[in-house]
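S.K.: Sharing input.txt here; it has compact mmCIF, C-alpha atoms.
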```
# COMPACT_ATOMS: atom_id res chain seq x y z
CA MET A 1 -73.53 -43.77 -13.34
CA GLN A 2 -69.92 -42.89 -14.23
CA GLY A 3 -67.89 -41.45 -11.30
CA LYS A 4 -70.12 -42.97 -8.61
CA THR A 5 -70.02 -46.29 -6.81
CA THR A 6 -73.13 -48.38 -6.40
CA PRO A 7 -73.85 -50.24 -3.11
CA GLU A 8 -72.90 -53.51 -4.88
CA GLN A 9 -69.53 -52.07 -5.98
CA ASP A 10 -68.97 -50.57 -2.53
CA ALA A 11 -69.46 -54.00 -0.92
CA ASN A 12 -66.70 -55.47 -3.13
CA VAL A 13 -64.05 -52.82 -2.40
CA GLU A 14 -61.72 -53.28 0.57
CA GLN A 15 -62.14 -50.28 2.83
CA SER A 16 -60.27 -48.60 5.64
CA VAL A 17 -62.58 -47.23 8.33
CA GLY A 18 -61.74 -44.32 10.61
CA ILE A 19 -63.60 -43.80 13.88
CA ASP A 20 -63.25 -40.59 15.87
CA ALA A 21 -64.25 -41.26 19.48
CA CYS A 22 -65.40 -38.77 22.09
CA LYS A 23 -67.43 -39.11 25.28
CA GLU A 24 -70.84 -38.91 23.60
CA PHE A 25 -70.38 -39.96 19.95
CA LEU A 26 -68.49 -42.10 17.48
CA ASP A 27 -68.02 -40.59 14.01
CA VAL A 28 -67.35 -43.21 11.32
CA HIS A 29 -65.84 -42.67 7.85
CA ALA A 30 -65.22 -45.41 5.27
CA HIS A 31 -62.50 -44.90 2.63
CA PRO A 32 -62.78 -45.08 -0.31
CA GLY A 33 -66.37 -44.10 -0.77
CA GLY A 34 -66.64 -41.38 1.84
CA LEU A 35 -69.56 -43.03 3.61
CA VAL A 36 -70.17 -41.31 6.93
CA MET A 37 -72.29 -42.02 9.98
CA ARG A 38 -72.52 -40.98 13.64
CA ALA A 39 -73.67 -43.15 16.53
CA PRO A 40 -73.69 -42.82 20.33
CA ASN A 41 -70.58 -44.11 22.11
CA THR A 42 -72.61 -46.87 23.79
CA PRO A 43 -73.17 -50.61 23.23
CA ALA A 44 -76.38 -49.75 21.34
CA GLY A 45 -74.51 -47.26 19.15
CA LEU A 46 -71.84 -49.85 18.39
CA LYS A 47 -74.50 -52.33 17.28
CA LYS A 48 -75.62 -49.71 14.77
CA ILE A 49 -72.01 -49.26 13.59
CA LYS A 50 -71.54 -53.03 13.19
CA ARG A 51 -74.67 -53.20 11.02
CA PHE A 52 -73.22 -50.35 8.94
CA LEU A 53 -69.87 -52.15 8.57
CA ALA A 54 -71.43 -55.55 7.84
CA LYS A 55 -72.32 -54.34 4.33
CA LYS A 56 -68.66 -53.57 3.50
CA ARG A 57 -65.34 -55.33 3.09
CA VAL A 58 -63.49 -53.77 5.99
CA ARG A 59 -59.74 -54.30 5.89
CA LEU A 60 -58.83 -52.19 8.92
CA ILE A 61 -60.49 -49.96 11.50
CA VAL A 62 -58.39 -47.09 12.85
CA ILE A 63 -59.27 -45.38 16.12
CA GLU A 64 -57.39 -42.52 17.77
CA ALA A 65 -56.21 -43.18 21.33
CA THR A 66 -58.28 -40.95 23.63
CA GLY A 67 -57.38 -42.20 27.09
CA LYS A 68 -60.64 -44.06 27.73
CA PHE A 69 -63.32 -43.02 25.23
CA HIS A 70 -62.03 -45.35 22.48
CA ARG A 71 -61.87 -48.49 24.66
CA LEU A 72 -65.51 -49.58 24.36
CA ALA A 73 -65.41 -49.35 20.55
CA GLN A 74 -62.08 -51.16 20.37
CA ARG A 75 -63.33 -54.08 22.50
CA HIS A 76 -66.68 -54.44 20.73
CA LEU A 77 -65.24 -54.25 17.22
CA HIS A 78 -62.34 -56.60 18.01
CA ALA A 79 -64.82 -59.09 19.49
CA ALA A 80 -66.85 -58.83 16.27
CA GLY A 81 -63.79 -60.01 14.30
CA TYR A 82 -62.52 -56.70 12.90
CA ALA A 83 -58.84 -55.71 12.78
CA VAL A 84 -58.63 -52.59 15.00
CA ALA A 85 -55.57 -50.33 15.25
CA VAL A 86 -55.39 -47.71 18.00
CA VAL A 87 -53.02 -44.94 16.88
CA ASN A 88 -51.16 -42.01 18.41
CA PRO A 89 -53.15 -38.74 17.96
CA LEU A 90 -49.93 -36.78 17.28
CA PHE A 91 -49.03 -38.99 14.32
CA VAL A 92 -52.52 -38.58 12.86
CA ARG A 93 -52.46 -34.79 13.28
CA LEU A 94 -49.08 -34.55 11.53
CA PHE A 95 -50.42 -36.80 8.76
CA ALA A 96 -53.46 -34.51 8.37
CA GLN A 97 -51.22 -31.46 8.07
CA SER A 98 -49.10 -33.23 5.46
CA MET A 99 -52.33 -33.61 3.45
CA GLY A 100 -53.00 -29.89 3.82
CA GLN A 101 -55.87 -30.63 6.22
CA PHE A 102 -55.61 -28.01 8.97
CA ALA A 103 -59.27 -27.76 9.94
CA LYS A 104 -60.37 -30.10 12.72
CA THR A 105 -63.85 -31.47 13.38
CA ASP A 106 -65.02 -34.90 14.50
CA ARG A 107 -66.10 -35.84 10.96
CA LEU A 108 -62.89 -34.54 9.41
CA ASP A 109 -60.87 -36.46 11.98
CA ALA A 110 -62.74 -39.68 11.11
CA ARG A 111 -61.95 -39.09 7.43
CA VAL A 112 -58.25 -38.49 8.16
CA LEU A 113 -58.12 -41.67 10.27
CA ALA A 114 -59.63 -43.67 7.41
CA ILE A 115 -57.09 -42.32 4.90
CA TYR A 116 -54.28 -42.81 7.46
CA GLY A 117 -55.30 -46.47 7.76
CA ALA A 118 -55.35 -46.94 3.99
CA THR A 119 -51.98 -45.21 3.52
CA ILE A 120 -49.91 -46.15 6.56
CA ALA A 121 -51.64 -49.44 7.47
CA PRO A 122 -50.84 -49.34 11.22
CA LYS A 123 -50.65 -52.69 12.96
CA ALA A 124 -53.87 -53.96 14.51
CA ARG A 125 -53.53 -55.32 18.04
CA PRO A 126 -56.06 -56.91 20.40
CA PRO A 127 -57.19 -54.77 23.35
CA GLN A 128 -55.36 -55.30 26.60
CA PRO A 129 -57.07 -57.40 29.29
CA GLN A 130 -59.35 -55.40 31.56
CA THR A 131 -57.18 -56.39 34.54
CA ILE A 132 -54.18 -54.63 32.98
CA VAL A 133 -56.24 -51.57 31.99
CA ASP A 134 -57.52 -51.19 35.57
CA LEU A 135 -54.04 -51.66 37.04
CA GLN A 136 -52.57 -49.09 34.64
CA GLU A 137 -55.14 -46.57 35.85
CA ILE A 138 -54.24 -47.21 39.50
CA LEU A 139 -50.52 -47.06 38.70
CA SER A 140 -50.98 -43.72 36.89
CA THR A 141 -52.90 -42.39 39.90
CA ARG A 142 -50.03 -43.44 42.15
CA ALA A 143 -47.50 -41.67 39.89
CA ALA A 144 -49.60 -38.47 40.03
CA ALA A 145 -49.73 -38.71 43.83
CA VAL A 146 -45.94 -39.11 44.00
CA GLU A 147 -45.50 -36.00 41.84
CA GLU A 148 -47.88 -34.07 44.07
CA ARG A 149 -45.98 -35.20 47.18
CA THR A 150 -42.67 -34.06 45.68
CA ALA A 151 -44.12 -30.64 44.80
CA ILE A 152 -45.49 -30.14 48.33
CA ILE A 153 -42.22 -31.29 49.94
CA ASN A 154 -40.39 -28.64 47.88
CA ARG A 155 -42.97 -26.03 48.87
CA ARG A 156 -42.58 -26.94 52.54
CA LYS A 157 -38.81 -26.52 52.30
CA ALA A 158 -39.31 -23.01 50.89
CA ALA A 159 -42.00 -22.03 53.44
CA GLN A 160 -40.91 -19.71 56.25
CA GLY A 161 -43.96 -19.65 58.54
CA ASP A 162 -44.63 -22.44 61.06
CA PHE A 163 -48.36 -22.49 60.23
CA VAL A 164 -47.77 -23.13 56.52
CA ARG A 165 -45.09 -25.75 57.22
CA LYS A 166 -47.41 -27.66 59.58
CA LYS A 167 -50.28 -27.59 57.07
CA LEU A 168 -48.00 -28.78 54.28
CA GLN A 169 -46.58 -31.55 56.48
CA LYS A 170 -50.13 -32.71 57.24
CA ARG A 171 -50.91 -32.77 53.51
CA ILE A 172 -47.75 -34.79 52.84
CA ALA A 173 -48.84 -37.37 55.41
CA GLN A 174 -52.27 -37.61 53.73
CA ILE A 175 -50.70 -38.15 50.31
CA GLU A 176 -48.33 -40.80 51.66
CA ALA A 177 -51.27 -42.66 53.17
CA HIS A 178 -53.03 -42.39 49.79
CA ILE A 179 -49.94 -43.81 48.01
CA ASP A 180 -49.78 -46.71 50.50
CA GLU A 181 -53.44 -47.54 49.81
CA LEU A 182 -52.87 -47.49 46.05
CA GLU A 183 -49.81 -49.74 46.32
CA ALA A 184 -51.68 -52.18 48.56
CA GLU A 185 -54.55 -52.35 46.04
CA ILE A 186 -52.12 -52.92 43.14
CA MET A 187 -50.35 -55.75 44.99
CA LYS A 188 -53.68 -57.29 45.97
CA ARG A 189 -54.76 -57.44 42.31
CA VAL A 190 -51.37 -58.70 41.11
CA LYS A 191 -51.42 -61.55 43.66
CA ALA A 192 -54.94 -62.49 42.55
CA ASP A 193 -53.64 -63.13 39.00
CA SER A 194 -51.19 -66.06 38.93
CA ALA A 195 -49.68 -65.16 35.53
CA LEU A 196 -49.19 -61.52 36.51
CA LEU A 197 -47.72 -62.53 39.88
CA ARG A 198 -45.22 -64.82 38.13
CA ARG A 199 -44.07 -61.96 35.87
CA TYR A 200 -43.77 -59.66 38.89
CA GLU A 201 -41.64 -62.20 40.80
CA LEU A 202 -39.33 -62.75 37.82
CA LEU A 203 -38.79 -59.00 37.46
CA GLU A 204 -38.22 -58.44 41.17
CA SER A 205 -35.52 -61.14 41.16
CA ILE A 206 -33.24 -58.75 39.21
CA PRO A 207 -30.93 -56.86 41.63
CA GLY A 208 -31.86 -53.19 41.44
CA ILE A 209 -35.50 -53.74 40.49
CA GLY A 210 -37.78 -53.21 43.47
CA MET A 211 -41.52 -53.20 43.88
CA VAL A 212 -42.24 -49.97 41.96
CA ALA A 213 -40.00 -50.79 38.98
CA ALA A 214 -41.32 -54.37 38.81
CA LEU A 215 -44.92 -53.12 38.83
CA SER A 216 -44.12 -50.46 36.23
CA LEU A 217 -42.69 -53.10 33.92
CA CYS A 218 -45.27 -55.87 34.28
CA ILE A 219 -48.25 -53.46 34.19
CA GLY A 220 -46.95 -50.66 31.99
CA LEU A 221 -45.14 -52.92 29.51
CA PRO A 222 -47.31 -56.06 29.11
CA GLU A 223 -45.58 -56.75 25.76
CA LEU A 224 -42.47 -57.98 27.64
CA GLY A 225 -41.62 -61.52 26.69
CA ALA A 226 -43.52 -61.35 23.41
CA CYS A 227 -41.20 -58.94 21.57
CA THR A 228 -37.49 -58.44 20.91
CA GLY A 229 -35.23 -56.58 23.32
CA LYS A 230 -34.92 -53.71 20.84
CA ALA A 231 -38.70 -53.43 20.57
CA ALA A 232 -38.99 -53.41 24.37
CA SER A 233 -36.44 -50.58 24.52
CA LEU A 234 -38.39 -48.62 21.92
CA LEU A 235 -41.66 -49.08 23.82
CA ALA A 236 -39.98 -47.81 26.99
CA GLY A 237 -38.49 -44.86 25.10
CA LEU A 238 -34.90 -45.98 25.75
CA ALA A 239 -33.63 -46.84 22.26
CA PRO A 240 -31.15 -44.27 20.89
CA LEU A 241 -32.58 -42.80 17.68
CA ALA A 242 -30.39 -41.77 14.77
CA ASP A 243 -30.15 -38.11 13.66
CA ASP A 244 -28.05 -38.31 10.47
CA SER A 245 -28.23 -36.36 7.23
CA GLY A 246 -25.70 -36.66 4.42
CA LYS A 247 -22.23 -36.43 5.96
CA TYR A 248 -23.65 -35.12 9.20
CA ALA A 249 -23.82 -37.73 11.95
CA GLY A 250 -25.79 -36.34 14.87
CA GLU A 251 -25.87 -37.58 18.43
CA ARG A 252 -28.32 -40.33 19.26
CA HIS A 253 -31.12 -39.36 21.64
CA ILE A 254 -33.98 -41.22 23.27
CA LYS A 255 -37.50 -39.98 22.61
CA GLY A 256 -41.11 -40.92 23.28
CA GLY A 257 -42.04 -44.19 24.93
CA ARG A 258 -43.99 -44.85 28.11
CA ALA A 259 -43.11 -42.36 30.81
CA LEU A 260 -44.32 -44.50 33.72
CA VAL A 261 -42.05 -47.37 32.70
CA ARG A 262 -39.08 -45.09 32.09
CA THR A 263 -39.44 -43.40 35.49
CA GLY A 264 -39.53 -46.76 37.27
CA LEU A 265 -36.45 -47.91 35.36
CA TYR A 266 -34.55 -44.70 36.17
CA PHE A 267 -34.59 -45.35 39.91
CA ALA A 268 -34.00 -49.06 39.35
CA ALA A 269 -30.89 -48.23 37.30
CA LEU A 270 -29.56 -45.98 40.07
CA THR A 271 -29.88 -48.89 42.50
CA ALA A 272 -28.48 -51.41 40.01
CA THR A 273 -25.27 -49.37 39.57
CA THR A 274 -24.57 -50.11 43.24
CA TRP A 275 -26.02 -53.58 43.90
CA ASN A 276 -26.04 -55.36 40.52
CA LYS A 277 -22.39 -56.33 39.92
CA PRO A 278 -22.56 -56.87 36.11
CA LEU A 279 -24.48 -53.63 35.58
CA LYS A 280 -22.26 -51.75 38.02
CA ALA A 281 -19.20 -52.86 36.04
CA PHE A 282 -20.95 -51.96 32.76
CA HIS A 283 -21.81 -48.48 34.09
CA GLU A 284 -18.29 -47.86 35.39
CA ARG A 285 -16.82 -48.96 32.04
CA LEU A 286 -18.99 -46.46 30.16
CA ILE A 287 -17.99 -43.66 32.55
CA ALA A 288 -14.31 -44.57 32.13
CA ASN A 289 -14.76 -44.37 28.35
CA GLY A 290 -15.94 -40.77 28.66
CA LYS A 291 -19.73 -41.19 28.67
CA GLU A 292 -21.70 -38.67 30.70
CA PHE A 293 -23.35 -39.99 33.85
CA LYS A 294 -26.93 -39.79 32.51
CA VAL A 295 -25.95 -41.31 29.16
CA ALA A 296 -24.35 -44.24 30.98
CA LEU A 297 -27.38 -44.52 33.28
CA THR A 298 -29.72 -44.63 30.27
CA ALA A 299 -27.64 -47.49 28.88
CA VAL A 300 -28.12 -49.34 32.19
CA MET A 301 -31.90 -48.71 31.97
CA ARG A 302 -31.85 -50.19 28.48
CA LYS A 303 -29.93 -53.25 29.74
CA LEU A 304 -32.50 -53.70 32.51
CA VAL A 305 -35.51 -53.70 30.17
CA GLU A 306 -33.75 -56.06 27.75
CA LEU A 307 -32.85 -58.39 30.63
CA ALA A 308 -36.44 -58.25 31.90
CA ASN A 309 -37.67 -59.19 28.42
CA VAL A 310 -35.36 -62.23 28.28
CA LEU A 311 -36.31 -63.49 31.74
CA ILE A 312 -40.05 -63.27 31.04
CA LYS A 313 -39.62 -64.86 27.60
CA GLU A 314 -37.67 -67.77 29.13
CA ASP A 315 -39.81 -67.85 32.30
CA ARG A 316 -36.86 -67.95 34.68
CA PRO A 317 -35.61 -65.75 37.55
CA TRP A 318 -32.36 -63.82 37.44
CA THR A 319 -29.23 -65.71 38.44
CA PRO A 320 -25.70 -64.34 38.87
CA VAL A 321 -23.20 -65.10 36.12
CA HIS A 322 -20.08 -66.69 37.58
CA ALA A 323 -16.68 -66.68 35.96
```
Now that the file is in, can you turn its structure into structure tokens?
M.R.:
Amino acid sequence: MQGKTTPEQDANVEQSVGIDACKEFLDVHAHPGGLVMRAPNTPAGLKKIKRFLAKKRVRLIVIEATGKFHRLAQRHLHAAGYAVAVVNPLFVRLFAQSMGQFAKTDRLDARVLAIYGATIAPKARPPQPQTIVDLQEILSTRAAAVEERTAIINRRKAAQGDFVRKKLQKRIAQIEAHIDELEAEIMKRVKADSALLRRYELLESIPGIGMVAALSLCIGLPELGACTGKAASLLAGLAPLADDSGKYAGERHIKGGRALVRTGLYFAALTATTWNKPLKAFHERLIANGKEFKVALTAVMRKLVELANVLIKEDRPWTPVHA
């Protein structure tokens, strides 16, 4: 009938598929066609989804990043040979609003993801190895423990009673023991993986980069060595972004990126401005040219991540440059 697609026509049309993932369910929407289904977020549910998709010409599957609920679907569908793109939820929400779609349900989100895939065509990437995923979780837990320790140290400094100070000091000791355990587990897993250990050793060879920064880079930025220096800076949230309009030329600012990596690089840059002679000279030159301290330090952070990218790409440790 005119205005409708038959199953035979539907099978011949390239489609973008959106999948909204939550703890219990996966909502699937195929575009064009508007075909919708829901399945449990389990291996059995994914088998049902693959049977549903087998009848179509799927160009791209788009899934919103949800922390952990999207990972099972991403792995299963990638293993089945589908191109799967995991996208930033903020970008998808802004895209939905640009369409005039302000309501939000699981089915509506799946539809928006399908249209987003057809319109924007985000890049499909394979899922990260399970080793890296597990290490990222431990590294994030360590970062949260460090933040908690800092907050309690500040509270102890403000406390006036001996009882409260003693209790807070005891809690600080517990958190520090917890951080030590997490770091030991991370290093144990890194040493068990020869490729990961090699990357870690190359990164730690750079003056200024210690254990935490090296772990942040090789675990939090596994793309190092397989991308350009500019792309590595963008992933770390260290590339200055333009803010120009007409004759107005705004200041460049950094934005977004991976906070864990950026935090590790911040402290590494502080150390590098003292112990890494080329970067120390670079930092001092920027300060002498009128750059603010943090602007100059951000430039050092960017140099560090670009240097790390080169060393891993060339599989060689850092060596001093002699005149």
S.K.: Nearest to Ala299 (chain A) among A:Arg165, A:Ser233, A:Lys313, A:Tyr248, with distances taken over only C-alpha atoms: which residue is it?
M.R.: A:Ser233
S.K.: Interatomic distance between CA of Gly237 (chain A) and CA of Val261 (chain A)?
M.R.: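 Interatomic distance, CA of Gly237 (chain A) to CA of Val261 (chain A): 8.8 Å.
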S.K.: For a cut-off of 9 Å around (-36.7, -63.4, 37.3), file coordinates, pick out all residues using all atoms listed in the file and list them as a PyMOL selection string.
M.R.: chain A and resi 198-206+308+311-312+315-319
S.K.: Give me, as a PDB file with C-alpha atoms, in the frame of the given file, all polymer residues having an atom no more than 12 Å from Ala96 (chain A), counting only C-alpha atoms and skipping those fewer than 4 positions away in the same chain.
M.R.:
```pdb
ATOM      1  CA  PRO A  89     -53.150 -38.740  17.960  1.00  0.00           C
ATOM      2  CA  LEU A  90     -49.930 -36.780  17.280  1.00  0.00           C
ATOM      3  CA  PHE A  91     -49.030 -38.990  14.320  1.00  0.00           C
ATOM      4  CA  VAL A  92     -52.520 -38.580  12.860  1.00  0.00           C
ATOM      5  CA  GLY A 100     -53.000 -29.890   3.820  1.00  0.00           C
ATOM      6  CA  GLN A 101     -55.870 -30.630   6.220  1.00  0.00           C
ATOM      7  CA  PHE A 102     -55.610 -28.010   8.970  1.00  0.00           C
ATOM      8  CA  ALA A 103     -59.270 -27.760   9.940  1.00  0.00           C
ATOM      9  CA  LYS A 104     -60.370 -30.100  12.720  1.00  0.00           C
ATOM     10  CA  THR A 105     -63.850 -31.470  13.380  1.00  0.00           C
ATOM     11  CA  LEU A 108     -62.890 -34.540   9.410  1.00  0.00           C
ATOM     12  CA  ASP A 109     -60.870 -36.460  11.980  1.00  0.00           C
ATOM     13  CA  ALA A 110     -62.740 -39.680  11.110  1.00  0.00           C
ATOM     14  CA  ARG A 111     -61.950 -39.090   7.430  1.00  0.00           C
ATOM     15  CA  VAL A 112     -58.250 -38.490   8.160  1.00  0.00           C
ATOM     16  CA  LEU A 113     -58.120 -41.670  10.270  1.00  0.00           C
ATOM     17  CA  ALA A 114     -59.630 -43.670   7.410  1.00  0.00           C
ATOM     18  CA  ILE A 115     -57.090 -42.320   4.900  1.00  0.00           C
ATOM     19  CA  TYR A 116     -54.280 -42.810   7.460  1.00  0.00           C
ATOM     20  CA  THR A 119     -51.980 -45.210   3.520  1.00  0.00           C
TER      21      THR A 119
END
```
S.K.: Hey, which of A:His178, A:Arg258, A:Lys170, A:Lys230 ends up closest to Leu307 (chain A)? Count all atoms listed in the file.
M.R.: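 Between A:His178, A:Arg258, A:Lys170, A:Lys230, the residue approaching Leu307 (chain A) most closely is A:Lys230.
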S.K.: For the atom pair CA of Ala124 (chain A) and CA of Gln15 (chain A), what is the interatomic distance in Å to one decimal place?
M.R.: 14.8 Å
S.K.: Interatomic distance between CA of Gln130 (chain A) and CA of Ile219 (chain A)?
M.R.: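 Between these atoms lies a distance of 11.6 Å.
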S.K.: Please determine, counting all atoms listed in the file, which residue among A:Gly117, A:Ala195, A:Leu139, A:Gln74 has the shortest atom-to-atom distance to Ala30 (chain A).
M.R.: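 Under the stated criterion, the closest residue is A:Gly117.
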S.K.: Neighbours of Ile172 (chain A) within 7 Å (all atoms listed in the file; same-chain residues fewer than 4 positions away dropped), as a ChimeraX atom specification?
M.R.: /A:149,152,168,176
S.K.: Give as a list of chain:residue names the set of residues within 12 Å of the point (-54.3, -57.2, 27.6), where distances use the file's coordinates and all atoms listed in the file.
M.R.: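 Final list of nearby residues, as requested, is A:Arg71, A:Arg75, A:Arg125, A:Pro126, A:Pro127, A:Gln128, A:Pro129, A:Gln130, A:Thr131, A:Ile132, A:Val133, A:Asp134, A:Leu135, A:Gln136, A:Leu196, A:Cys218, A:Ile219, A:Gly220, A:Leu221, A:Pro222, A:Glu223, A:Leu224.
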S.K.: Check the smallest atom-to-atom distance from each of A:Leu35, A:Ala226, A:Leu217, A:Ile209 to Thr274 (chain A) using only C-alpha atoms, then report the winner.
M.R.: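 When distances to Thr274 (chain A) are compared using only C-alpha atoms, the smallest one comes from A:Ile209.
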S.K.: Between A:Ser16, A:Thr66, A:Asn309, A:Gln160, which residue has the minimum interatomic distance to Leu235 (chain A), considering only C-alpha atoms?
M.R.: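 Going through A:Ser16, A:Thr66, A:Asn309, A:Gln160 one by one, the smallest distance to Leu235 (chain A) is for A:Asn309.
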S.K.: In terms of the shortest atom-to-atom distance over only C-alpha atoms, which of A:Ala249, A:Leu304, A:Val28, A:Ala259 is closest to Lys280 (chain A)?
M.R.: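 Ranking A:Ala249, A:Leu304, A:Val28, A:Ala259 by distance to Lys280 (chain A), first place goes to A:Leu304.
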S.K.: Report the centre and edge lengths, in Å to one decimal, of an axis-aligned box enclosing every atom of region 297-307 of chain A listed in the file, padded by 8 Å on each side, as AutoDock Vina command-line options.
M.R.:
```
--center_x -31.4 --center_y -51.5 --center_z 30.5 --size_x 24.1 --size_y 29.9 --size_z 21.5
```
S.K.: Write a file for region 235-246 of chain A of the given structure; include N, CA, C and O atoms and format it as an mmCIF file, in the first residue's frame.
M.R.:
```cif
data_model
loop_
_atom_site.group_PDB
_atom_site.id
_atom_site.type_symbol
_atom_site.label_atom_id
_atom_site.label_comp_id
_atom_site.auth_asym_id
_atom_site.auth_seq_id
_atom_site.Cartn_x
_atom_site.Cartn_y
_atom_site.Cartn_z
ATOM 1 N N LEU A 235 41.155 14.211 23.692
ATOM 2 C CA LEU A 235 40.606 13.170 24.551
ATOM 3 C C LEU A 235 40.872 13.471 26.024
ATOM 4 O O LEU A 235 40.050 13.162 26.892
ATOM 5 N N ALA A 236 42.022 14.070 26.302
ATOM 6 C CA ALA A 236 42.352 14.425 27.684
ATOM 7 C C ALA A 236 41.704 15.734 28.116
ATOM 8 O O ALA A 236 41.784 16.099 29.293
ATOM 9 N N GLY A 237 41.069 16.441 27.176
ATOM 10 C CA GLY A 237 40.440 17.719 27.504
ATOM 11 C C GLY A 237 41.442 18.834 27.670
ATOM 12 O O GLY A 237 41.247 19.755 28.470
ATOM 13 N N LEU A 238 42.541 18.793 26.886
ATOM 14 C CA LEU A 238 43.621 19.777 27.038
ATOM 15 C C LEU A 238 43.831 20.625 25.785
ATOM 16 O O LEU A 238 44.712 21.484 25.781
ATOM 17 N N ALA A 239 43.072 20.383 24.732
ATOM 18 C CA ALA A 239 43.229 21.162 23.504
ATOM 19 C C ALA A 239 42.471 22.477 23.635
ATOM 20 O O ALA A 239 41.292 22.487 24.003
ATOM 21 N N PRO A 240 43.115 23.618 23.362
ATOM 22 C CA PRO A 240 42.408 24.905 23.442
ATOM 23 C C PRO A 240 41.376 25.018 22.327
ATOM 24 O O PRO A 240 41.701 24.816 21.153
ATOM 25 N N LEU A 241 40.146 25.317 22.679
ATOM 26 C CA LEU A 241 39.056 25.375 21.707
ATOM 27 C C LEU A 241 38.749 26.822 21.343
ATOM 28 O O LEU A 241 38.701 27.708 22.202
ATOM 29 N N ALA A 242 38.530 27.050 20.061
ATOM 30 C CA ALA A 242 38.279 28.401 19.562
ATOM 31 C C ALA A 242 36.919 28.919 20.040
ATOM 32 O O ALA A 242 35.986 28.153 20.251
ATOM 33 N N ASP A 243 36.821 30.248 20.190
ATOM 34 C CA ASP A 243 35.567 30.908 20.558
ATOM 35 C C ASP A 243 35.478 32.210 19.768
ATOM 36 O O ASP A 243 35.525 33.314 20.322
ATOM 37 N N ASP A 244 35.390 32.086 18.427
ATOM 38 C CA ASP A 244 35.388 33.244 17.537
ATOM 39 C C ASP A 244 34.018 33.432 16.897
ATOM 40 O O ASP A 244 33.285 32.468 16.686
ATOM 41 N N SER A 245 33.705 34.665 16.600
ATOM 42 C CA SER A 245 32.459 34.981 15.886
ATOM 43 C C SER A 245 32.630 36.314 15.179
ATOM 44 O O SER A 245 32.825 37.354 15.832
ATOM 45 N N GLY A 246 32.590 36.282 13.831
ATOM 46 C CA GLY A 246 32.793 37.512 13.078
ATOM 47 C C GLY A 246 34.167 38.091 13.352
ATOM 48 O O GLY A 246 35.187 37.412 13.237
#
```
